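Asker: Hey, dropping entry.txt in here, compact mmCIF, C-alpha atoms and all ligand atoms:
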# COMPACT_ATOMS: atom_id res chain seq x y z
CA MET N 388 -16.67 0.64 -22.74
CA SER N 389 -16.09 4.01 -21.10
CA VAL N 390 -13.47 4.73 -18.48
CA VAL N 391 -16.25 5.32 -15.94
CA ASN N 392 -17.71 1.86 -16.56
CA ASN N 393 -14.30 0.21 -16.55
CA LEU N 394 -13.47 1.87 -13.25
CA GLU N 395 -16.72 0.72 -11.70
CA GLU N 396 -15.99 -2.88 -12.68
CA ILE N 397 -12.39 -2.62 -11.46
CA ARG N 398 -13.48 -1.18 -8.11
CA THR N 399 -15.88 -4.10 -7.65
CA ARG N 400 -13.10 -6.57 -8.36
CA ILE N 401 -10.70 -4.75 -6.03
CA ALA N 402 -13.31 -4.93 -3.27
CA GLN N 403 -13.75 -8.67 -3.86
CA ALA N 404 -10.01 -9.34 -3.84
CA CYS N 405 -9.61 -7.29 -0.64
CA HIS N 406 -12.52 -9.06 1.00
CA LYS N 407 -10.91 -12.44 0.33
CA VAL N 408 -7.82 -11.55 2.32
CA ASP N 409 -9.37 -9.14 4.80
CA ARG N 410 -7.82 -5.94 3.45
CA ASN N 411 -9.26 -2.45 3.20
CA PRO N 412 -9.83 -1.39 -0.46
CA ASN N 413 -8.80 2.14 0.52
CA ASP N 414 -5.27 0.82 0.95
CA VAL N 415 -5.05 0.08 -2.78
CA THR N 416 -4.25 3.07 -5.02
CA ILE N 417 -5.04 2.76 -8.71
CA VAL N 418 -2.40 4.33 -10.94
CA ALA N 419 -4.03 4.85 -14.34
CA VAL N 420 -1.33 4.17 -16.93
CA THR N 421 -1.99 6.62 -19.74
CA LYS N 422 0.94 5.76 -22.00
CA TYR N 423 -1.26 4.39 -24.77
CA VAL N 424 -4.00 7.01 -24.67
CA SER N 425 -4.75 10.61 -25.56
CA ILE N 426 -4.95 13.49 -23.17
CA GLU N 427 -8.75 13.43 -23.55
CA THR N 428 -8.85 9.91 -22.18
CA ALA N 429 -6.51 10.87 -19.34
CA LYS N 430 -8.86 13.70 -18.47
CA GLU N 431 -11.79 11.32 -18.58
CA ALA N 432 -10.00 9.14 -16.04
CA LEU N 433 -9.48 12.10 -13.72
CA LYS N 434 -13.13 13.05 -14.07
CA ALA N 435 -14.13 9.49 -13.20
CA GLY N 436 -12.30 9.85 -9.90
CA ILE N 437 -8.77 8.67 -10.68
CA THR N 438 -6.17 10.67 -8.74
CA ASP N 439 -2.93 9.03 -9.87
CA LEU N 440 -1.54 8.83 -13.40
CA GLY N 441 1.42 6.82 -14.66
CA GLU N 442 3.62 7.37 -17.73
CA ASN N 443 6.68 5.49 -18.92
CA ARG N 444 8.02 8.20 -21.22
CA LEU N 445 9.08 11.62 -20.04
CA GLU N 446 8.09 13.52 -23.13
CA GLU N 447 4.57 12.11 -22.95
CA GLY N 448 4.29 12.82 -19.27
CA MET N 449 5.50 16.37 -19.61
CA ASN N 450 4.29 17.74 -22.91
CA LYS N 451 1.14 15.84 -23.67
CA PHE N 452 -0.23 16.25 -20.18
CA ASP N 453 1.12 19.68 -19.42
CA ASP N 454 -2.25 21.19 -18.69
CA ILE N 455 -3.36 18.52 -16.23
CA LYS N 456 -0.09 18.32 -14.35
CA HIS N 457 -1.54 19.83 -11.22
CA ASP N 458 -4.69 17.75 -11.24
CA ALA N 459 -3.02 14.44 -10.50
CA THR N 460 -0.26 12.70 -8.62
CA TRP N 461 2.24 11.60 -11.28
CA HIS N 462 4.08 8.30 -11.33
CA PHE N 463 7.06 7.63 -13.56
CA ILE N 464 7.01 3.91 -14.40
CA GLY N 465 9.54 3.66 -17.24
CA THR N 466 13.27 3.12 -17.45
CA LEU N 467 15.26 6.12 -16.26
CA GLN N 468 18.35 7.59 -17.80
CA SER N 469 20.59 9.87 -15.75
CA ARG N 470 20.41 12.70 -18.24
CA LYS N 471 16.60 12.71 -17.99
CA VAL N 472 16.44 12.86 -14.20
CA LYS N 473 16.21 16.63 -14.04
CA GLU N 474 13.10 16.65 -16.23
CA MET N 475 11.64 13.67 -14.44
CA ILE N 476 11.73 15.18 -10.97
CA HIS N 477 10.21 18.36 -12.31
CA ALA N 478 7.03 16.60 -13.36
CA PHE N 479 6.70 13.44 -11.30
CA ASP N 480 5.96 12.78 -7.65
CA PHE N 481 6.78 9.06 -7.59
CA VAL N 482 9.30 7.02 -9.52
CA HIS N 483 8.69 3.27 -9.66
CA SER N 484 11.88 2.19 -11.36
CA ILE N 485 14.97 2.93 -9.27
CA GLU N 486 17.56 0.22 -9.89
CA ARG N 487 20.89 2.06 -10.12
CA GLU N 488 22.76 4.15 -7.59
CA SER N 489 23.69 6.63 -10.30
CA ILE N 490 20.03 7.60 -10.64
CA ALA N 491 19.72 8.26 -6.91
CA LYS N 492 22.90 10.30 -7.05
CA GLU N 493 21.51 12.34 -9.93
CA ILE N 494 18.22 12.96 -8.13
CA GLU N 495 20.20 14.12 -5.09
CA LYS N 496 22.12 16.53 -7.28
CA ARG N 497 19.11 17.93 -9.14
CA VAL N 498 16.43 18.21 -6.50
CA GLU N 499 15.64 21.65 -5.11
CA ASP N 500 14.06 23.11 -2.01
CA GLY N 501 14.72 20.09 0.16
CA ARG N 502 12.09 18.15 -1.72
CA THR N 503 12.14 14.36 -1.53
CA ILE N 504 11.21 12.02 -4.37
CA SER N 505 9.22 8.96 -3.39
CA ALA N 506 10.80 5.98 -5.05
CA PHE N 507 10.20 2.29 -5.52
CA VAL N 508 13.09 -0.07 -6.14
CA GLN N 509 12.32 -2.20 -9.18
CA VAL N 510 12.87 -5.90 -8.65
CA ASN N 511 13.02 -8.60 -11.30
CA VAL N 512 11.65 -11.39 -9.14
CA THR N 513 11.45 -14.09 -11.79
CA GLY N 514 14.73 -13.34 -13.54
CA GLU N 515 13.10 -12.74 -16.92
CA GLU N 516 15.80 -11.48 -19.27
CA SER N 517 13.62 -8.92 -20.99
CA LYS N 518 12.75 -7.13 -17.75
CA SER N 519 14.78 -4.61 -15.83
CA GLY N 520 15.18 -4.56 -12.07
CA LEU N 521 17.50 -5.90 -9.42
CA THR N 522 17.62 -9.54 -8.45
CA PRO N 523 16.04 -10.16 -5.04
CA ASP N 524 19.46 -10.63 -3.34
CA GLU N 525 20.69 -7.29 -4.62
CA VAL N 526 17.83 -5.31 -3.11
CA LEU N 527 18.82 -5.01 0.55
CA PRO N 528 22.47 -4.02 -0.06
CA PHE N 529 21.27 -1.56 -2.69
CA ILE N 530 18.81 0.09 -0.31
CA GLU N 531 21.47 0.29 2.41
CA LYS N 532 23.70 2.20 -0.01
CA LEU N 533 20.94 4.71 -0.77
CA ALA N 534 20.97 6.04 2.80
CA GLU N 535 23.34 8.80 1.77
CA TYR N 536 20.92 10.30 -0.77
CA LYS N 537 18.57 12.36 1.34
CA ALA N 538 16.39 13.40 -1.58
CA VAL N 539 15.36 9.83 -2.32
CA ARG N 540 12.86 8.19 -0.02
CA ILE N 541 12.37 4.48 -0.69
CA VAL N 542 8.67 4.00 -0.15
CA GLY N 543 8.49 0.44 -1.44
CA LEU N 544 9.29 -2.21 -4.02
CA MET N 545 7.94 -2.59 -7.54
CA THR N 546 7.82 -5.50 -9.94
CA MET N 547 6.45 -6.33 -13.36
CA ALA N 548 5.29 -9.92 -13.51
CA PRO N 549 5.70 -11.99 -16.67
CA HIS N 550 2.71 -11.79 -18.97
CA VAL N 551 0.93 -15.11 -18.60
CA GLU N 552 -2.46 -16.54 -19.49
CA ASP N 553 -3.35 -17.58 -15.94
CA PRO N 554 -2.53 -14.90 -13.34
CA GLU N 555 -2.27 -17.61 -10.66
CA THR N 556 1.08 -18.48 -12.22
CA VAL N 557 2.58 -15.20 -11.04
CA ARG N 558 1.27 -15.38 -7.47
CA PRO N 559 4.60 -16.74 -6.12
CA ALA N 560 6.45 -13.76 -7.62
CA PHE N 561 4.11 -11.29 -5.93
CA ARG N 562 4.41 -13.18 -2.67
CA ALA N 563 8.20 -13.16 -2.89
CA LEU N 564 8.18 -9.39 -3.44
CA ARG N 565 5.99 -8.91 -0.39
CA GLU N 566 8.29 -11.04 1.75
CA LEU N 567 11.26 -8.99 0.62
CA GLN N 568 9.37 -5.74 1.29
CA GLN N 569 8.49 -6.89 4.80
CA GLU N 570 12.08 -7.88 5.50
CA ILE N 571 13.28 -4.41 4.49
CA ALA N 572 10.49 -2.62 6.35
CA SER N 573 11.45 -4.52 9.52
CA LYS N 574 14.90 -2.90 9.42
CA ASN N 575 13.30 0.51 10.12
CA PHE N 576 15.63 2.42 7.85
CA ALA N 577 14.96 6.16 8.16
CA HIS N 578 15.43 6.68 4.41
CA ALA N 579 13.52 3.56 3.38
CA PRO N 580 10.26 2.88 5.21
CA CYS N 581 9.47 0.47 2.37
CA THR N 582 5.83 0.03 3.32
CA GLU N 583 4.41 -0.03 -0.22
CA LEU N 584 4.15 -2.62 -2.99
CA SER N 585 3.70 -1.51 -6.60
CA MET N 586 2.58 -4.66 -8.38
CA GLY N 587 -0.33 -5.83 -10.49
CA MET N 588 -1.34 -4.74 -14.00
CA SER N 589 -4.49 -5.24 -16.09
CA ASN N 590 -4.26 -9.01 -16.27
CA ASP N 591 -3.07 -9.82 -12.75
CA TYR N 592 -4.12 -7.06 -10.35
CA GLU N 593 -6.52 -9.16 -8.31
CA VAL N 594 -3.84 -11.72 -7.49
CA ALA N 595 -1.43 -8.86 -6.73
CA ILE N 596 -3.93 -7.33 -4.30
CA GLU N 597 -4.43 -10.68 -2.58
CA GLU N 598 -0.66 -10.74 -2.12
CA GLY N 599 -0.52 -7.23 -0.67
CA ALA N 600 -0.25 -4.70 -3.54
CA THR N 601 -0.83 -1.11 -2.41
CA TYR N 602 -0.33 0.49 -5.85
CA ILE N 603 -1.70 -1.26 -8.93
CA ARG N 604 -0.75 0.06 -12.38
CA LEU N 605 -3.64 -0.27 -14.80
CA GLY N 606 -3.50 0.62 -18.47
CA SER N 607 -5.56 -1.40 -20.94
CA CYS N 608 -8.35 -2.58 -18.62
CA LEU N 609 -9.02 0.95 -17.37
CA VAL N 610 -8.25 3.55 -20.03
CA GLY N 611 -7.71 1.22 -22.99
CA ASN N 612 -4.82 1.15 -25.41
CA GLU N 613 -5.80 3.33 -28.35
CA LYS N 614 -2.27 3.67 -29.66
CA LYS N 615 -1.26 0.07 -29.35
CA GLY N 616 -4.29 -0.80 -31.49
C1 LIG N 701 2.29 -0.35 -19.52
C2 LIG N 701 2.61 -0.60 -18.12
C3 LIG N 701 1.58 -0.93 -17.21
C4 LIG N 701 0.13 -1.11 -17.59
O1 LIG N 701 -0.05 -2.23 -18.39
P1 LIG N 701 -1.50 -2.84 -18.69
O2 LIG N 701 -1.23 -4.29 -18.87
O3 LIG N 701 -1.99 -2.18 -19.92
O4 LIG N 701 -2.36 -2.61 -17.51
C5 LIG N 701 1.96 -1.12 -15.88
N1 LIG N 701 3.24 -0.98 -15.47
C6 LIG N 701 4.24 -0.66 -16.31
C7 LIG N 701 5.62 -0.52 -15.79
C8 LIG N 701 3.95 -0.46 -17.66
O5 LIG N 701 4.97 -0.15 -18.49
As a first step, turn the structure in this file into structure tokens.
Ligand SMILES: *Cc1c(COP(=O)(O)O)cnc(C)c1O
Answerer:
Amino acid sequence: MSVVNNLEEIRTRIAQACHKVDRNPNDVTIVAVTKYVSIETAKEALKAGITDLGENRLEEGMNKFDDIKHDATWHFIGTLQSRKVKEMIHAFDFVHSIERESIAKEIEKRVEDGRTISAFVQVNVTGEESKSGLTPDEVLPFIEKLAEYKAVRIVGLMTMAPHVEDPETVRPAFRALRELQQEIASKNFAHAPCTELSMGMSNDYEVAIEEGATYIRLGSCLVGNEKKG
């Protein structure tokens, strides 16, 4: 299957999921996760109409895709280390994985020209040990603390659901993230509008959309996973 065909199928499914819950498909942004694929495939995705690309490793995001940097909005979806922040903000527009104050502090220190980095706070809704992210109770106090870092704008919350056979199983986790996002949005924090939800991957994006996802992160079902085999 080509990326173009995959995207057509995905768009149909997005439209169906949106229709079910009376949402506008234009409110769902597809982030094509290119971590497993070559630059040629990433270019194919852009040609097919994808505007947003996601990488979980800095070196991949920066070197491999150097020549298409300006053709896409870049999302960093991996785990961040303080010493890599400088490189990260150079190449990426969004970061989906803020979970430590030290990272916000580092962004504040490194950012230039009054730029702001759009960030999602990563939440581990189900408490899976293998996943990073804050527990749901930690999220509000954490966001309150980030008010002092002007370079970091909290646009929303992000989660990675457990990988399960039946995506219905993870619906409660997506719903819980949305409830938390709405609670934070209702506080009207100037530094944290928190209007967005980054949730849903290849195997569960329709359920995520039904529960309010505004950014879905799609790797294998869209661009494939050449490197994973
Ligand atoms: C790899 C990855 C994805 C995409 O996964 P697929 O199941 O291939 O769609 C999404 N989000 C994050 C954080 C990832 O690391």
Asker: Hey, can you check how far CA of Leu584 (chain N) sits from CA of Lys518 (chain N)?
Answerer: 17.7 Å
Asker: At most 9 Å is the cut-off: for each residue in chain N with any atom that close to an atom of ligand LIG 701 (chain N), write down the nearest atom pair and the distance in Å rounded to one decimal, counting all atoms listed in the file, chain first then increasing number, as JSON lines.
Answerer:
{"residue": "N:Val418", "atom": "CA", "partner": "N:LIG701", "partner_atom": "C5", "distance": 8.6}
{"residue": "N:Ala419", "atom": "CA", "partner": "N:LIG701", "partner_atom": "C4", "distance": 8.0}
{"residue": "N:Val420", "atom": "CA", "partner": "N:LIG701", "partner_atom": "C4", "distance": 5.5}
{"residue": "N:Thr421", "atom": "CA", "partner": "N:LIG701", "partner_atom": "C1", "distance": 8.2}
{"residue": "N:Lys422", "atom": "CA", "partner": "N:LIG701", "partner_atom": "C1", "distance": 6.7}
{"residue": "N:Tyr423", "atom": "CA", "partner": "N:LIG701", "partner_atom": "C1", "distance": 7.9}
{"residue": "N:Gly441", "atom": "CA", "partner": "N:LIG701", "partner_atom": "N1", "distance": 8.1}
{"residue": "N:Glu442", "atom": "CA", "partner": "N:LIG701", "partner_atom": "O5", "distance": 7.7}
{"residue": "N:Asn443", "atom": "CA", "partner": "N:LIG701", "partner_atom": "O5", "distance": 5.9}
{"residue": "N:Phe463", "atom": "CA", "partner": "N:LIG701", "partner_atom": "C7", "distance": 8.6}
{"residue": "N:Ile464", "atom": "CA", "partner": "N:LIG701", "partner_atom": "C7", "distance": 4.8}
{"residue": "N:Gly465", "atom": "CA", "partner": "N:LIG701", "partner_atom": "C7", "distance": 5.9}
{"residue": "N:Thr466", "atom": "CA", "partner": "N:LIG701", "partner_atom": "C7", "distance": 8.6}
{"residue": "N:His483", "atom": "CA", "partner": "N:LIG701", "partner_atom": "C7", "distance": 7.8}
{"residue": "N:Ser484", "atom": "CA", "partner": "N:LIG701", "partner_atom": "C7", "distance": 8.1}
{"residue": "N:Met545", "atom": "CA", "partner": "N:LIG701", "partner_atom": "C7", "distance": 8.8}
{"residue": "N:Thr546", "atom": "CA", "partner": "N:LIG701", "partner_atom": "C7", "distance": 8.0}
{"residue": "N:Met547", "atom": "CA", "partner": "N:LIG701", "partner_atom": "C7", "distance": 6.4}
{"residue": "N:His550", "atom": "CA", "partner": "N:LIG701", "partner_atom": "O2", "distance": 8.5}
{"residue": "N:Ser585", "atom": "CA", "partner": "N:LIG701", "partner_atom": "N1", "distance": 8.9}
{"residue": "N:Met586", "atom": "CA", "partner": "N:LIG701", "partner_atom": "N1", "distance": 8.0}
{"residue": "N:Gly587", "atom": "CA", "partner": "N:LIG701", "partner_atom": "C5", "distance": 7.5}
{"residue": "N:Met588", "atom": "CA", "partner": "N:LIG701", "partner_atom": "O4", "distance": 4.2}
{"residue": "N:Ser589", "atom": "CA", "partner": "N:LIG701", "partner_atom": "O4", "distance": 3.7}
{"residue": "N:Asn590", "atom": "CA", "partner": "N:LIG701", "partner_atom": "O2", "distance": 6.2}
{"residue": "N:Asp591", "atom": "CA", "partner": "N:LIG701", "partner_atom": "O2", "distance": 8.5}
{"residue": "N:Tyr592", "atom": "CA", "partner": "N:LIG701", "partner_atom": "O4", "distance": 8.6}
{"residue": "N:Ile603", "atom": "CA", "partner": "N:LIG701", "partner_atom": "C5", "distance": 7.9}
{"residue": "N:Arg604", "atom": "CA", "partner": "N:LIG701", "partner_atom": "C5", "distance": 4.6}
{"residue": "N:Leu605", "atom": "CA", "partner": "N:LIG701", "partner_atom": "O4", "distance": 3.8}
{"residue": "N:Gly606", "atom": "CA", "partner": "N:LIG701", "partner_atom": "O3", "distance": 3.5}
{"residue": "N:Ser607", "atom": "CA", "partner": "N:LIG701", "partner_atom": "O3", "distance": 3.8}
{"residue": "N:Cys608", "atom": "CA", "partner": "N:LIG701", "partner_atom": "O4", "distance": 6.1}
{"residue": "N:Leu609", "atom": "CA", "partner": "N:LIG701", "partner_atom": "O4", "distance": 7.6}
{"residue": "N:Val610", "atom": "CA", "partner": "N:LIG701", "partner_atom": "O3", "distance": 8.5}
{"residue": "N:Gly611", "atom": "CA", "partner": "N:LIG701", "partner_atom": "O3", "distance": 7.3}
{"residue": "N:Asn612", "atom": "CA", "partner": "N:LIG701", "partner_atom": "O3", "distance": 7.0}
Asker: At a cut-off of 12 Å, using all atoms listed in the file, what residues contact region 398-414 of chain N? Leave out same-chain residues fewer than 2 positions from it and give the result as an MDAnalysis selection string.
Answerer: chainID N and resid 390:396 416:417 435:437 582:585 587 589 591:603 605 608:609
Asker: I'd like the neighbourhood of Glu570 (chain N) as a ChimeraX atom specification, where a residue qualifies if any of its atoms comes within 12 Å (using only C-alpha atoms), though same-chain residues fewer than 4 positions away should be ignored.
Answerer: /N:523-524,526-527,530,543-544,563-566,574-576,579-582
Asker: In Å to one decimal, how far is CA of Val482 (chain N) from CA of Glu535 (chain N)?
Answerer: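 Computed distance, CA of Glu535 (chain N) to CA of Val482 (chain N), equals 18.1 Å.
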Asker: From the options N:Ile397, N:Ile485, N:Arg470, N:Ile455, which residue's atoms come nearest to Leu533 (chain N), counting only C-alpha atoms?
Answerer: N:Ile485
Asker: Hey, what's within 8 Å of Ala538 (chain N) if we count only C-alpha atoms and toss same-chain stuff fewer than 3 positions away? As a list in words, please?
Answerer: Ile494, Glu495, Val498, Gly501, Arg502, Thr503 and Ile504 of chain N
Asker: Figure out the distance between CA of Thr513 (chain N) and CA of Thr556 (chain N), please, to one decimal in Å.
Answerer: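 So the answer is 11.3 Å.
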Asker: Would you please work out which residue, of N:Thr460, N:Thr522, N:Ser573, N:Ser389, is nearest to Val510 (chain N) when using only C-alpha atoms?
Answerer: N:Thr522
